[in-house]
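Data file: structure.txt. Format and content: compact mmCIF, C-alpha atoms and all ligand atoms.
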# COMPACT_ATOMS: atom_id res chain seq x y z
CA MET J 1 50.91 32.80 -80.24
CA SER J 2 48.21 30.13 -80.35
CA ASP J 3 44.62 31.36 -80.52
CA GLN J 4 43.53 32.04 -76.96
CA SER J 5 40.08 33.49 -77.63
CA ARG J 6 38.35 30.09 -77.44
CA TYR J 7 39.30 29.97 -73.74
CA LEU J 8 37.64 33.28 -72.91
CA LYS J 9 34.15 31.76 -73.00
CA SER J 10 34.04 30.74 -69.33
CA ASP J 11 35.86 31.17 -66.02
CA LYS J 12 36.70 27.48 -65.88
CA LEU J 13 38.26 27.55 -69.37
CA ILE J 14 40.33 30.57 -68.30
CA THR J 15 41.61 28.91 -65.14
CA ALA J 16 42.34 25.66 -66.99
CA HIS J 17 43.95 26.88 -70.22
CA TYR J 18 43.99 30.63 -70.89
CA GLY J 19 47.38 32.34 -71.20
CA GLU J 20 49.28 29.08 -71.57
CA GLU J 21 51.30 28.33 -74.70
CA TYR J 22 52.13 24.65 -74.62
CA GLU J 23 54.16 24.87 -77.84
CA HIS J 24 56.67 27.15 -76.05
CA TYR J 25 57.54 24.52 -73.47
CA TYR J 26 57.66 21.16 -75.24
CA ASN J 27 53.86 20.75 -75.05
CA ALA J 28 53.99 20.18 -71.31
CA VAL J 29 50.40 20.50 -70.08
CA VAL J 30 51.65 22.41 -67.04
CA PRO J 31 53.91 25.42 -67.61
CA PRO J 32 57.38 25.33 -66.06
CA VAL J 33 58.47 27.42 -63.10
CA PHE J 34 60.80 29.86 -64.85
CA MET J 35 63.22 29.90 -61.93
CA ASN J 36 65.56 32.47 -63.44
CA SER J 37 66.56 35.93 -62.31
CA LEU J 38 67.52 37.15 -65.79
CA ASN J 39 67.23 36.56 -69.51
CA VAL J 40 70.10 37.12 -71.90
CA PHE J 41 70.39 38.82 -75.29
CA GLU J 42 72.46 38.46 -78.49
CA THR J 43 73.18 42.15 -78.98
CA ILE J 44 73.18 45.41 -77.04
CA ASP J 45 70.52 46.84 -79.37
CA GLU J 46 68.28 43.89 -78.70
CA TYR J 47 68.52 44.58 -74.99
CA TYR J 48 67.79 48.30 -75.25
CA ASP J 49 65.04 48.06 -77.86
CA PHE J 50 62.90 45.20 -76.58
CA ASP J 51 59.19 45.76 -76.04
CA ARG J 52 58.43 45.30 -72.37
CA THR J 53 54.76 44.55 -72.99
CA ASP J 54 55.61 41.65 -75.32
CA LYS J 55 54.68 38.40 -73.63
CA HIS J 56 57.72 36.69 -75.16
CA LYS J 57 60.42 39.20 -74.12
CA TYR J 58 61.97 39.30 -70.67
CA CYS J 59 65.08 40.86 -69.15
CA TYR J 60 65.14 40.68 -65.35
CA GLY J 61 63.06 38.97 -62.67
CA ARG J 62 62.12 42.05 -60.69
CA VAL J 63 60.53 43.44 -63.86
CA GLN J 64 58.68 40.39 -65.19
CA ASN J 65 58.87 36.61 -65.36
CA PRO J 66 57.14 34.20 -67.81
CA THR J 67 55.45 32.11 -65.08
CA VAL J 68 54.21 35.25 -63.33
CA ARG J 69 52.89 36.55 -66.64
CA ILE J 70 50.72 33.45 -67.22
CA LEU J 71 49.09 33.99 -63.83
CA GLU J 72 48.51 37.69 -64.55
CA ASP J 73 46.90 36.99 -67.92
CA LYS J 74 44.46 34.59 -66.28
CA ILE J 75 43.48 37.03 -63.52
CA ALA J 76 43.11 39.93 -65.97
CA ALA J 77 40.76 37.77 -68.07
CA LEU J 78 38.72 36.63 -65.05
CA GLU J 79 38.35 40.21 -63.79
CA HIS J 80 37.74 41.70 -67.29
CA GLY J 81 40.65 44.10 -66.80
CA ALA J 82 43.24 45.72 -69.05
CA GLY J 83 45.90 43.86 -67.09
CA ALA J 84 46.96 42.35 -63.78
CA LEU J 85 50.11 42.43 -61.67
CA ALA J 86 51.22 39.76 -59.20
CA PHE J 87 52.93 40.68 -55.93
CA ALA J 88 54.79 38.94 -53.11
CA SER J 89 51.87 39.56 -50.71
CA GLY J 90 48.42 41.09 -50.58
CA MET J 91 49.88 44.03 -48.66
CA ALA J 92 52.59 44.59 -51.31
CA ALA J 93 49.78 44.84 -53.88
CA ALA J 94 47.68 47.15 -51.67
CA THR J 95 50.51 49.52 -50.73
CA THR J 96 51.76 49.75 -54.34
CA ALA J 97 48.22 50.72 -55.41
CA VAL J 98 47.92 53.41 -52.71
CA LEU J 99 51.38 54.85 -53.44
CA THR J 100 50.60 54.95 -57.17
CA VAL J 101 47.25 56.74 -56.86
CA CYS J 102 47.98 59.10 -53.94
CA LYS J 103 50.28 62.12 -53.73
CA THR J 104 51.42 64.25 -50.79
CA GLY J 105 48.31 65.89 -49.31
CA SER J 106 45.80 63.54 -50.99
CA HIS J 107 42.58 62.51 -49.26
CA VAL J 108 41.33 58.91 -49.11
CA ILE J 109 37.92 57.54 -48.12
CA CYS J 110 38.07 54.07 -46.60
CA ILE J 111 35.46 51.80 -45.04
CA HIS J 112 35.80 51.08 -41.31
CA ASN J 113 35.76 47.34 -41.95
CA SER J 114 38.61 47.20 -44.44
CA TYR J 115 41.70 45.08 -43.76
CA GLY J 116 43.42 46.34 -40.58
CA PRO J 117 47.04 46.56 -41.82
CA LEU J 118 45.90 48.62 -44.85
CA LYS J 119 44.14 51.06 -42.49
CA ASP J 120 47.33 51.20 -40.41
CA PHE J 121 49.34 51.98 -43.55
CA LEU J 122 46.96 54.82 -44.48
CA THR J 123 46.70 56.39 -41.03
CA GLY J 124 50.32 55.67 -40.05
CA TYR J 125 52.90 55.71 -42.83
CA CYS J 126 50.87 57.70 -45.38
CA LYS J 127 49.83 60.34 -42.85
CA GLU J 128 53.27 60.66 -41.30
CA HIS J 129 55.37 60.70 -44.47
CA MET J 130 53.02 62.14 -47.09
CA ASN J 131 50.36 64.01 -45.13
CA ILE J 132 47.67 61.83 -46.72
CA THR J 133 44.43 62.06 -44.73
CA THR J 134 41.83 59.30 -44.51
CA SER J 135 38.12 59.59 -43.69
CA PHE J 136 36.42 56.42 -42.53
CA VAL J 137 32.84 55.57 -43.45
CA LYS J 138 30.57 52.68 -42.55
CA GLY J 139 29.97 52.03 -46.22
CA ASP J 140 26.42 50.69 -46.29
CA CYS J 141 24.91 53.98 -47.40
CA VAL J 142 26.04 55.67 -50.61
CA GLU J 143 25.41 59.24 -49.37
CA GLU J 144 28.17 58.81 -46.78
CA PHE J 145 30.77 58.58 -49.56
CA GLU J 146 29.42 61.65 -51.32
CA GLU J 147 29.43 63.64 -48.05
CA SER J 148 33.04 62.66 -47.28
CA ILE J 149 34.45 63.66 -50.66
CA THR J 150 36.69 66.73 -50.78
CA ASP J 151 38.55 68.33 -53.69
CA LYS J 152 41.61 66.34 -52.54
CA THR J 153 39.91 62.91 -52.64
CA VAL J 154 41.73 60.65 -55.09
CA LEU J 155 40.93 57.16 -53.79
CA ILE J 156 38.00 55.26 -52.26
CA VAL J 157 38.95 52.00 -50.54
CA LEU J 158 36.28 49.28 -50.41
CA GLU J 159 36.14 45.67 -49.27
CA SER J 160 32.86 44.00 -50.17
CA PRO J 161 31.93 41.86 -48.40
CA SER J 162 34.27 42.85 -45.58
CA SER J 163 35.91 39.88 -43.93
CA LEU J 164 34.67 40.13 -40.33
CA VAL J 165 31.04 41.30 -40.25
CA PHE J 166 30.51 40.85 -43.99
CA SER J 167 29.11 44.30 -44.68
CA LEU J 168 28.68 45.17 -48.36
CA GLN J 169 29.10 48.35 -50.37
CA ASP J 170 27.14 49.13 -53.53
CA ILE J 171 30.09 48.99 -55.93
CA GLU J 172 28.21 50.44 -58.90
CA ALA J 173 26.77 53.41 -56.96
CA VAL J 174 30.05 54.24 -55.17
CA SER J 175 31.94 54.02 -58.49
CA ARG J 176 29.49 56.46 -60.07
CA ILE J 177 30.14 59.01 -57.29
CA ALA J 178 33.89 58.47 -57.52
CA LYS J 179 33.86 59.05 -61.26
CA LYS J 180 31.93 62.30 -60.86
CA HIS J 181 34.67 63.57 -58.53
CA GLU J 182 37.58 62.06 -60.49
CA ALA J 183 38.54 59.67 -57.69
CA LEU J 184 39.44 56.01 -58.23
CA VAL J 185 37.77 53.04 -56.56
CA TYR J 186 39.97 50.32 -55.10
CA ILE J 187 38.29 47.15 -53.83
CA ASP J 188 39.56 44.11 -51.94
CA ASN J 189 37.77 41.23 -53.69
CA THR J 190 39.45 38.42 -51.76
CA PHE J 191 36.29 36.99 -50.15
CA CYS J 192 34.41 36.55 -53.44
CA THR J 193 37.38 35.61 -55.64
CA PRO J 194 37.17 36.62 -59.34
CA ILE J 195 34.63 33.80 -59.80
CA TYR J 196 31.83 35.28 -57.65
CA GLN J 197 32.31 39.03 -58.22
CA GLN J 198 33.88 41.17 -60.96
CA PRO J 199 34.05 44.74 -59.59
CA LEU J 200 35.72 46.23 -62.70
CA THR J 201 32.55 45.46 -64.66
CA LEU J 202 30.59 47.43 -62.02
CA GLY J 203 32.80 50.52 -62.39
CA ALA J 204 35.65 49.95 -59.91
CA ASP J 205 39.17 50.84 -61.09
CA ILE J 206 41.50 48.56 -59.12
CA VAL J 207 40.73 45.09 -57.75
CA MET J 208 43.00 43.53 -55.16
CA HIS J 209 43.22 39.87 -54.14
CA THR J 210 45.41 38.38 -51.54
CA THR J 211 46.27 35.11 -53.25
CA SER J 212 47.33 33.76 -49.83
CA LYS J 213 43.60 32.92 -49.44
CA TYR J 214 41.42 31.11 -52.04
CA ILE J 215 43.59 31.62 -55.13
CA GLY J 216 46.49 29.80 -53.44
CA GLY J 217 43.90 27.71 -51.65
CA HIS J 218 46.23 25.38 -49.76
CA SER J 219 47.74 27.57 -47.01
CA ASP J 220 51.20 27.21 -48.54
CA ILE J 221 51.90 30.63 -50.10
CA ILE J 222 51.75 34.37 -49.48
CA GLY J 223 50.88 36.47 -52.51
CA GLY J 224 48.78 39.29 -53.91
CA ILE J 225 47.44 40.57 -57.19
CA LEU J 226 46.00 43.77 -58.67
CA ALA J 227 43.69 43.81 -61.68
CA VAL J 228 43.04 47.18 -63.34
CA LYS J 229 40.49 48.53 -65.77
CA ASP J 230 42.52 51.23 -67.47
CA SER J 231 45.73 50.66 -69.44
CA ALA J 232 47.28 54.05 -68.51
CA LEU J 233 46.91 53.18 -64.81
CA MET J 234 48.27 49.69 -65.57
CA LYS J 235 51.40 51.31 -67.01
CA LYS J 236 51.98 53.42 -63.87
CA LEU J 237 51.44 50.44 -61.56
CA THR J 238 53.82 48.31 -63.62
CA ALA J 239 56.54 50.97 -63.35
CA ASN J 240 56.00 51.31 -59.58
CA ARG J 241 56.02 47.57 -58.96
CA GLU J 242 59.43 47.49 -60.60
CA LEU J 243 60.67 50.39 -58.42
CA LEU J 244 59.14 49.21 -55.14
CA GLY J 245 60.27 45.66 -55.95
CA GLY J 246 57.21 43.71 -54.83
CA ILE J 247 56.79 41.22 -57.70
CA ALA J 248 55.68 37.66 -56.83
CA GLY J 249 58.35 34.96 -57.01
CA PRO J 250 58.06 32.41 -59.87
CA MET J 251 57.45 29.45 -57.53
CA GLU J 252 54.60 31.26 -55.80
CA ALA J 253 53.15 32.31 -59.15
CA TRP J 254 53.25 28.70 -60.30
CA LEU J 255 51.41 27.60 -57.13
CA MET J 256 48.82 30.32 -57.73
CA ILE J 257 48.28 29.00 -61.29
CA ARG J 258 47.81 25.53 -59.82
CA GLY J 259 45.45 26.87 -57.15
CA LEU J 260 43.35 28.65 -59.77
CA ARG J 261 42.68 25.43 -61.68
CA THR J 262 40.59 23.97 -58.85
CA MET J 263 39.32 27.22 -57.35
CA ALA J 264 35.81 27.15 -58.83
CA VAL J 265 35.11 23.66 -57.47
CA ARG J 266 36.76 24.38 -54.12
CA ILE J 267 34.81 27.57 -53.44
CA ALA J 268 31.54 25.90 -54.46
CA GLN J 269 32.20 23.34 -51.72
CA HIS J 270 33.32 26.01 -49.22
CA GLN J 271 30.06 27.84 -49.97
CA GLU J 272 27.87 24.75 -49.55
CA THR J 273 29.49 23.95 -46.20
CA ALA J 274 29.41 27.56 -44.95
CA MET J 275 25.69 27.85 -45.85
CA ALA J 276 24.90 24.69 -43.86
CA VAL J 277 27.05 25.86 -40.93
CA ALA J 278 25.46 29.34 -40.99
CA ARG J 279 21.94 27.85 -40.96
CA PHE J 280 22.90 25.52 -38.10
CA LEU J 281 24.31 28.43 -36.06
CA GLU J 282 21.34 30.66 -36.84
CA THR J 283 18.92 28.26 -35.15
CA HIS J 284 21.21 27.38 -32.21
CA PRO J 285 19.83 28.72 -28.88
CA LYS J 286 23.26 29.81 -27.62
CA VAL J 287 24.01 31.87 -30.75
CA LYS J 288 22.94 35.52 -30.79
CA ASN J 289 23.99 36.65 -34.31
CA VAL J 290 25.36 35.07 -37.47
CA TYR J 291 27.13 37.19 -40.09
CA TYR J 292 27.10 35.57 -43.54
CA PRO J 293 25.93 37.28 -46.75
CA GLY J 294 24.42 34.03 -48.06
CA LEU J 295 21.74 34.07 -45.37
CA GLU J 296 18.41 35.65 -46.33
CA SER J 297 18.52 37.33 -42.90
CA HIS J 298 21.65 39.31 -43.88
CA PRO J 299 20.59 43.00 -43.97
CA GLN J 300 22.13 43.49 -47.43
CA TYR J 301 20.98 40.21 -48.96
CA GLN J 302 19.38 41.97 -51.95
CA LEU J 303 22.56 43.92 -52.72
CA MET J 304 24.53 40.67 -52.40
CA LYS J 305 22.23 39.09 -55.02
CA LYS J 306 22.74 42.09 -57.29
CA GLN J 307 26.54 42.18 -57.34
CA GLN J 308 27.74 38.70 -56.35
CA SER J 309 27.07 35.30 -57.84
CA GLY J 310 28.11 33.44 -54.69
CA ASN J 311 29.74 33.47 -51.26
CA THR J 312 32.67 31.51 -49.89
CA GLY J 313 33.66 29.77 -46.63
CA LEU J 314 34.22 32.58 -44.12
CA LEU J 315 31.59 33.69 -41.58
CA SER J 316 31.30 34.90 -38.02
CA PHE J 317 28.92 34.65 -35.09
CA GLU J 318 28.31 35.94 -31.59
CA ILE J 319 27.14 33.82 -28.68
CA HIS J 320 24.98 34.72 -25.69
CA GLY J 321 27.82 34.95 -23.19
CA THR J 322 31.05 36.61 -22.18
CA LEU J 323 34.43 36.91 -23.90
CA LYS J 324 35.61 34.01 -21.72
CA ASP J 325 32.72 31.88 -23.03
CA ALA J 326 33.62 32.77 -26.63
CA GLU J 327 37.26 31.82 -25.98
CA LYS J 328 36.07 28.55 -24.47
CA VAL J 329 33.98 27.74 -27.56
CA ALA J 330 36.94 28.44 -29.90
CA GLU J 331 39.34 26.42 -27.75
CA SER J 332 36.90 23.49 -27.44
CA LEU J 333 36.80 22.98 -31.19
CA GLN J 334 38.65 19.85 -32.32
CA ILE J 335 38.68 20.19 -36.12
CA PHE J 336 38.69 24.00 -36.42
CA LYS J 337 42.18 25.17 -35.43
CA ILE J 338 42.84 28.61 -33.96
CA GLY J 339 44.42 30.82 -36.62
CA VAL J 340 44.09 34.17 -38.42
CA SER J 341 44.11 33.31 -42.09
CA TRP J 342 41.47 31.64 -44.28
CA GLY J 343 40.88 30.39 -47.83
CA GLY J 344 42.82 27.16 -47.45
CA PHE J 345 41.61 23.56 -47.18
CA GLU J 346 41.44 23.69 -43.39
CA SER J 347 38.86 24.97 -40.94
CA LEU J 348 39.91 27.81 -38.62
CA ALA J 349 38.47 29.80 -35.73
CA PHE J 350 39.61 33.17 -34.41
CA LEU J 351 38.53 35.96 -32.07
CA PRO J 352 39.71 39.09 -33.93
CA HIS J 353 38.43 41.52 -31.25
CA ALA J 354 39.47 39.63 -28.12
CA ARG J 355 42.19 42.17 -27.26
CA MET J 356 40.26 45.29 -28.28
CA GLU J 357 38.25 47.68 -26.08
CA GLU J 358 34.50 47.19 -26.46
CA ASN J 359 33.96 50.79 -27.68
CA ALA J 360 36.64 50.36 -30.39
CA CYS J 361 34.84 47.24 -31.58
CA GLU J 362 31.56 49.11 -31.96
CA ALA J 363 32.72 51.15 -34.98
CA LEU J 364 33.68 47.87 -36.67
CA GLY J 365 30.27 46.30 -36.14
CA GLY J 366 31.07 43.13 -34.22
CA SER J 367 31.39 42.86 -30.44
CA GLN J 368 34.48 41.87 -28.45
CA ASN J 369 33.45 38.21 -28.40
CA ILE J 370 32.74 37.78 -32.12
CA ILE J 371 34.05 34.43 -33.40
CA ARG J 372 35.18 34.21 -37.02
CA ILE J 373 35.34 30.76 -38.59
CA HIS J 374 36.60 29.51 -41.92
CA CYS J 375 34.73 26.43 -43.14
CA GLY J 376 37.32 24.20 -44.78
CA LEU J 377 37.02 21.03 -46.82
CA GLU J 378 36.92 18.45 -44.00
CA GLY J 379 33.22 17.73 -44.57
CA THR J 380 30.06 19.59 -43.58
CA GLU J 381 28.77 17.05 -41.04
CA ALA J 382 32.07 16.84 -39.18
CA LEU J 383 32.26 20.63 -38.89
CA ILE J 384 28.69 21.04 -37.64
CA SER J 385 29.16 18.33 -35.05
CA ASP J 386 32.43 19.96 -33.94
CA LEU J 387 30.60 23.28 -33.42
CA GLU J 388 27.72 21.54 -31.66
CA SER J 389 30.10 19.91 -29.13
CA ALA J 390 32.03 23.15 -28.57
CA LEU J 391 28.83 25.13 -27.94
CA ALA J 392 27.73 22.47 -25.44
CA GLN J 393 30.78 23.40 -23.30
CA ILE J 394 29.23 26.72 -22.24
C1 LIG Q 1 44.95 38.31 -45.65
C2 LIG Q 1 44.27 39.50 -46.18
C3 LIG Q 1 44.98 40.57 -46.75
C4 LIG Q 1 46.50 40.65 -46.73
O1 LIG Q 1 47.09 39.73 -47.55
P1 LIG Q 1 48.61 39.25 -47.31
O2 LIG Q 1 48.85 38.32 -48.43
O3 LIG Q 1 48.65 38.61 -45.95
O4 LIG Q 1 49.47 40.46 -47.35
C5 LIG Q 1 44.26 41.62 -47.31
N1 LIG Q 1 42.92 41.61 -47.32
C6 LIG Q 1 42.20 40.62 -46.78
C7 LIG Q 1 40.72 40.68 -46.83
C8 LIG Q 1 42.85 39.54 -46.19
O5 LIG Q 1 42.13 38.56 -45.63

With the file now loaded, output its structure as structure tokens.
Amino acid sequence: MSDQSRYLKSDKLITAHYGEEYEHYYNAVVPPVFMNSLNVFETIDEYYDFDRTDKHKYCYGRVQNPTVRILEDKIAALEHGAGALAFASGMAAATTAVLTVCKTGSHVICIHNSYGPLKDFLTGYCKEHMNITTSFVKGDCVEEFEESITDKTVLIVLESPSSLVFSLQDIEAVSRIAKKHEALVYIDNTFCTPIYQQPLTLGADIVMHTTSKYIGGHSDIIGGILAVKDSALMKKLTANRELLGGIAGPMEAWLMIRGLRTMAVRIAQHQETAMAVARFLETHPKVKNVYYPGLESHPQYQLMKKQQSGNTGLLSFEIHGTLKDAEKVAESLQIFKIGVSWGGFESLAFLPHARMEENACEALGGSQNIIRIHCGLEGTEALISDLESALAQI
């Protein structure tokens, strides 16, 4: 294998070159999509005795694939982990992590603002089939985690910043508590990407990304990834991915590799635009609140500075007005389209709480009429003027 250590000096060198072995594919500067379901062997012994951790040995596509492996090596390097595993969706990654760490009767601590379908999995499937119980905490105060720990707690689920009201958790402090009680810390790092936050270096055990967002970056794939600190845990997760069958397809992995190459420059632009949009909204007379961790007015701005080196393109705001007014603002936008996802090139607007009861929204932080927007790459001025016109409609 060619010497890869020279590429470990910076994130941009990792995304551009690390994990790629040009000499293995005719010196093509882009690796091929290994679109094969199996690899063949000369002898029976060769099949039975091959080392599954060897980067140059493969047997079957549900176990591992060379294109997928390149992606995983890059993410593991970016997150400073012992390894990484790519999945067919963010939820496939998340559920494989939960099912690997938890047993029947385990207890989980999860923040209120974590990704909705993961909470549904914990309180629905895991409760019903495995009697796993989950305690929810707000997450902005470390004592809350300590108070919720029981002798059955095996997992703490974080998402910092969370992707609706952008609340943060102190990753280092929570990880210290978890370690004391022999629980593992899982964190959804999708908002920051591996470029702006590396939770494993702060003590977390498992990092999850849905690559459907910034890593893919072009709204053309669904995918997920786990990066892990410890090689024994990596081994268990690898075995369970094979059994649960959630590996990413080679074409998606190839698109993730391509997305990674431009991610640092894309998110820098998303950040610049989102900062300008957040400042515009903050001073607008019809806007009541803006939620964006890049703003000095964010209540956890100091913690953000401590554990993140940047923010990306997602933010939310509340207007002075009713739910109908908020719907009118979202529907009056011309460039921002109405849609749930984010992390792609395009600008989006959504009302995540529009069909929830006001008292159910309270626990999550934002009101019923909170508007979440993703600032895409269409240009800062165009997006601000779009918001200005939409706000003028109410
Ligand atoms: C989209 C999203 C997920 C789920 O990812 P999928 O690829 O859709 O399964 C998880 N966490 C966050 C923060 C997300 O935005």

Using all atoms listed in the file for the distances, tell me which of J:Ile44, J:Ile267, J:Met256, J:Ala363 is nearest to Arg69 in chain J.
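Distance minimum relative to Arg69 in chain J lands on J:Met256.
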
Work out how far apart CA of Glu252 in chain J and CA of Ile222 in chain J are and give it in Å to one decimal.
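So the answer is 7.6 Å.
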
Select, from J:Lys324, J:Arg62, J:Lys138, J:Arg372, the residue with the minimum atom-to-atom distance to ligand LIG 1 (chain Q), counting all atoms listed in the file.
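Closest candidate: J:Arg372.
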
Could you please extract the residues within 10 Å of ligand LIG 1 (chain Q), counting all atoms listed in the file, and hand them back as number ranges by chain?
J: 87-95, 113-118, 159-164, 187-191, 208-214, 221-225, 340-343

Minimum-distance residue to Arg266 in chain J, chosen among J:Glu378, J:Lys235, J:Val329, J:Leu348 (using all atoms listed in the file)
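Between J:Glu378, J:Lys235, J:Val329, J:Leu348, the residue approaching Arg266 in chain J most closely is J:Glu378.
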
Which one is closest to Ala16 in chain J: J:Val154, J:Leu281, J:Met234, J:Ile257? Count only C-alpha atoms.
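Selected residue with least distance to Ala16 in chain J: J:Ile257.
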
Rounded to one decimal place, report the CA of His80 in chain J-CA of Leu226 in chain J distance in Å.
12.1 Å

May I have the residues within 12 Å of Met263 in chain J as a PyMOL selection string, using all atoms listed in the file and disregarding those fewer than 3 positions away in the same chain?
chain J and resi 11-12+14-16+192-196+211+213-218+256-260+266-271+312+343-345

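Considering the residues J:Gly203, J:Gly19, J:Gly81, J:Gly294 and counting all atoms listed in the file, His56 in chain J has its shortest atom-to-atom contact with J:Gly19.
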
Need the shell around Glu172 in chain J: protein/DNA/RNA residues with any atom at most 12 Å away, counting only C-alpha atoms. Skip same-chain ones fewer than 5 positions apart. Format as a PyMOL selection string?
chain J and resi 142+158+160+177-179+185+187+198-205+303+306-307

Excluding same-chain residues fewer than 6 positions from Thr104 in chain J, what lies within 7 Å of it counting only C-alpha atoms, as a ChimeraX atom specification?
/J:130-132

Write out, as a compact mmCIF listing (two decimals), in the frame of the given file, the residues just selected, with C-alpha atoms.
# COMPACT_ATOMS: atom_id res chain seq x y z
CA MET J 130 53.02 62.14 -47.09
CA ASN J 131 50.36 64.01 -45.13
CA ILE J 132 47.67 61.83 -46.72

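Using only C-alpha atoms for every distance, the candidate list J:Asp220, J:Glu272, J:Asp325, J:Glu357 yields J:Glu272 as the residue closest to Leu377 in chain J.
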
For Ile338 in chain J, find every residue with an atom within 10 Å (counting all atoms listed in the file), except residues of its own chain fewer than 3 positions away, and show them as a list in words.
Ala330, Glu331, Leu333, Gln334, Ile335, Ser341, Ser347, Leu348, Ala349, Phe350, Leu351, Arg372 and Ile373 of chain J

Selection export as a CSV table (one decimal), in the frame of the given file, atoms kept: C-alpha atoms:
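Okay, this is what ended up in again_23.csv:
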chain,number,residue,atom,x,y,z
J,330,ALA,CA,36.9,28.4,-29.9
J,331,GLU,CA,39.3,26.4,-27.8
J,333,LEU,CA,36.8,23.0,-31.2
J,334,GLN,CA,38.6,19.8,-32.3
J,335,ILE,CA,38.7,20.2,-36.1
J,341,SER,CA,44.1,33.3,-42.1
J,347,SER,CA,38.9,25.0,-40.9
J,348,LEU,CA,39.9,27.8,-38.6
J,349,ALA,CA,38.5,29.8,-35.7
J,350,PHE,CA,39.6,33.2,-34.4
J,351,LEU,CA,38.5,36.0,-32.1
J,372,ARG,CA,35.2,34.2,-37.0
J,373,ILE,CA,35.3,30.8,-38.6

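In this model, the gap between CA of Lys229 in chain J and CA of Val207 in chain J comes to 8.7 Å.
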
Applying 7 Å and only C-alpha atoms, which residues near Cys110 in chain J remain after dropping the ones on its own chain fewer than 4 positions away? List them as number ranges by chain.
J: 134-137, 156-158
